[in-house]
Amino acid sequence: MPRKQPKKIRVEFRKNRLNRRRQNDFTRDARSGDETDDLSKDERLTGKGDLTRRRTIVADEGSDGGLLRTVDVDACRRGRVISAIGLTSLVETEAGERFECTVRRVVRTMARDQRNVVVTGDDVLFLPTGPKEGVIERVDPRRSTISRASQRHEHIIVSNVDQAVIVVSADDPPLKPALIDRFLVSAEKGGVRGIVCINKCDLKSPVLLQPLVGLYARLGYDVVLTSASTGRGIERLRSLLRDRETVFTGQSGVGKSSLLNLVQPGWQLKTGDVSGWTKKGTHTTRRAVLLRLDGGGWAVDTPGIRQMVLWDVRPEEVEGYFVEFRPFVARCRFPDCTHTHESGCGIKQAMADDLISPMRYESYLRIIEGDEGITLGNDLEDPAN
Ligand SMILES: Nc1nc2c(ncn2[C@@H]2O[C@H](COP(=O)(O)OP(=O)(O)O)[C@@H](O)[C@H]2O)c(=O)[nH]1
Ligand SMILES: [Mg+2]
Ligand SMILES: [Zn+2]
């Protein structure tokens with residue numbers, strides 16, 4: 001990719017630099033001298049008083065218009081963030097070495113969104129500061145993200161994945177097709193291929209699941225029926241994951257961690273005991289964790305999500321995320337048809353002709369009506385962010 005010339009930019013000097021003792025700031029243990037030595041040769045302070053200070057740094061403009069800081073690449077190593085909690089991340093190199101990294105403050109200052117400075121899945125450049133420690137100097141532009149809304153902000157669950165396995169359970173908790181559609185919209189929006197996995201098939205006759213399987217298969221999604229109890233479908237799941245980067249999403253308790261433990265024997269992701277997760281101090285089960293598959297590829301287990309609220313999906317773009325709607329939208333009489341009350345609507349006609357499922361249309365309506373997401377039960381708080 002051709003690189004633009006570095007250019008000087010001026011960024012706000014964040015006031016909280018002065019608050020050295022913020023609570024819950026994992027980076028506070030100034031292991032790397034992060035508070036003081038991040039003014040490299042590329043940066044200059046042009047302060048005229050604390051509140052109006054700005055700094056000039058040299059940066060490249062990233063392909064998405066984001067900013068890439070110029071860093072001393074030779075001194076840095078490349079790695080993948082395999083878990084991030086607050087501003088501390090575990091970074092794994094190609095060789096499989098792991099470094100616990102903080103984030104260089106200028107990287108935080110430049111981030112457009114302070115909540116998602118570094119997320120699981122990110123490709124980063126970091127400067128080793130010890131045998132197992134380092135400082136993240138740059139976060140590469142993300143090629144895909146899976147997000148949801150959390151307290152009116154974007155919460156990026158994971159970045160740089162190819163596909164999302166949307167896990168639901170045939171029963172216990174009961175199957176909610178609307179939830180599949182909501183997760184599929186978030187996958188489509190994030191530029192990620194959706195795969196539908198119906199787990200706990202041992203709890204329900206497969207015959208009863210066939211209509212649902214048929215529906216999503218006709219839409220072009222891979223659908224896999226699994227049971228972590230009997231082992232059904234695990235081989236198929238494993239082959240769908242091979243050499244890909246996959247995130248497992250879905251309601252808490254559907255069996256995501258159980259399935260991943262079977263896909264790769266040796267993984268010991270914590271399963272069951274949902275109530276235990278709300279206890280303090282169980283960070284390992286509350287954050288997204290990226291795991292390298294023996295046969296090639298990566299998989300990410302995600303913690304339970306209390307509500308799947310879509311992030312930044314405007315009503316008029318939803319039709320584009322319902323793949324089977326696309327061919328019929330052009331037949332609507334009005335170009336801005338919302339497919340609700342309008343006459344001459346191609347979508348409603350397609351439904352009348354049995355070409356669009358009423359269940360999917362129902363999901364579409366709930367999403368464009370700005371339904372605040374589907375409550376998924378009493379599980380988790382958000383991962384620390
Ligand atoms: N009957 C049955 N129970 C399952 C299956 N998969 C998982 N479970 C159980 O469902 C509970 C939640 O599983 P877990 O993997 O922790 O779900 P997660 O929250 O999605 O990661 C655990 O008690 C599992 O033993 C399955 O295929 N069949
Ligand atoms: Mg789990
Ligand atoms: Zn229409």
# chains A, B, ... in the order shown; residues from 1 in each chain; ligands from 1
$ residues_near_ligand --ligand "ligand 2" --cutoff "8 Å" --atoms "only C-alpha atoms and all ligand atoms" --output "number ranges by chain"
A: 252-253, 255-258, 269-272, 285, 301-304
$ residues_around --residues "Ile234 in chain A" --least-positions-apart "4" --cutoff "8 Å" --atoms "only C-alpha atoms" --output "PyMOL selection string"
chain A and resi 226-228+238+259+262-263
$ atom_distance --atom1 "CA of Asp113 in chain A" --atom2 "CA of Thr129 in chain A"
26.1 Å
$ residues_around --residues "Leu241 in chain A" --least-positions-apart "2" --cutoff "12 Å" --atoms "only C-alpha atoms" --output "PyMOL selection string"
chain A and resi 161-165+193+195+222+224+234-239+243-248+259-260+263-264+291-300
$ write_last_selection --atoms "C-alpha atoms" --output "JSON list (two decimals), in the first residue's frame"
[["chain", "number", "residue", "atom", "x", "y", "z"],
["A", 161, "VAL", "CA", -11.46, -11.67, 12.34],
["A", 162, "ASP", "CA", -12.76, -13.29, 9.14],
["A", 163, "GLN", "CA", -15.88, -14.87, 10.50],
["A", 164, "ALA", "CA", -18.25, -15.00, 13.44],
["A", 165, "VAL", "CA", -19.75, -18.24, 14.67],
["A", 193, "ARG", "CA", -18.84, -13.76, 7.49],
["A", 195, "ILE", "CA", -21.88, -18.84, 10.53],
["A", 222, "ASP", "CA", -23.11, -22.09, 6.81],
["A", 224, "VAL", "CA", -23.83, -26.32, 11.81],
["A", 234, "ILE", "CA", -17.54, -30.87, 16.25],
["A", 235, "GLU", "CA", -15.54, -32.19, 13.31],
["A", 236, "ARG", "CA", -17.50, -29.96, 10.93],
["A", 237, "LEU", "CA", -17.01, -26.98, 13.22],
["A", 238, "ARG", "CA", -13.29, -27.68, 13.38],
["A", 239, "SER", "CA", -13.05, -27.71, 9.60],
["A", 243, "ASP", "CA", -6.94, -21.44, 8.84],
["A", 244, "ARG", "CA", -9.49, -18.76, 9.63],
["A", 245, "GLU", "CA", -9.82, -16.17, 12.32],
["A", 246, "THR", "CA", -13.09, -16.72, 14.06],
["A", 247, "VAL", "CA", -14.98, -15.13, 16.89],
["A", 248, "PHE", "CA", -17.58, -17.08, 18.85],
["A", 259, "LEU", "CA", -17.52, -26.13, 21.98],
["A", 260, "LEU", "CA", -14.12, -24.47, 21.83],
["A", 263, "VAL", "CA", -12.52, -28.13, 18.97],
["A", 264, "GLN", "CA", -9.09, -28.06, 20.49],
["A", 291, "LEU", "CA", -6.52, -18.65, 21.00],
["A", 292, "ARG", "CA", -4.27, -20.10, 18.33],
["A", 293, "LEU", "CA", -5.58, -23.28, 16.72],
["A", 294, "ASP", "CA", -3.15, -26.15, 16.26],
["A", 295, "GLY", "CA", -4.24, -26.73, 12.67],
["A", 296, "GLY", "CA", -3.79, -23.02, 11.80],
["A", 297, "GLY", "CA", -6.01, -20.05, 12.45],
["A", 298, "TRP", "CA", -7.31, -18.38, 15.57],
["A", 299, "ALA", "CA", -10.51, -18.51, 17.55],
["A", 300, "VAL", "CA", -11.84, -16.03, 20.06]]
$ residues_near_ligand --ligand "ligand 3" --cutoff "10 Å" --atoms "only C-alpha atoms and all ligand atoms" --output "PyMOL selection string"
chain A and resi 319+325+328-350
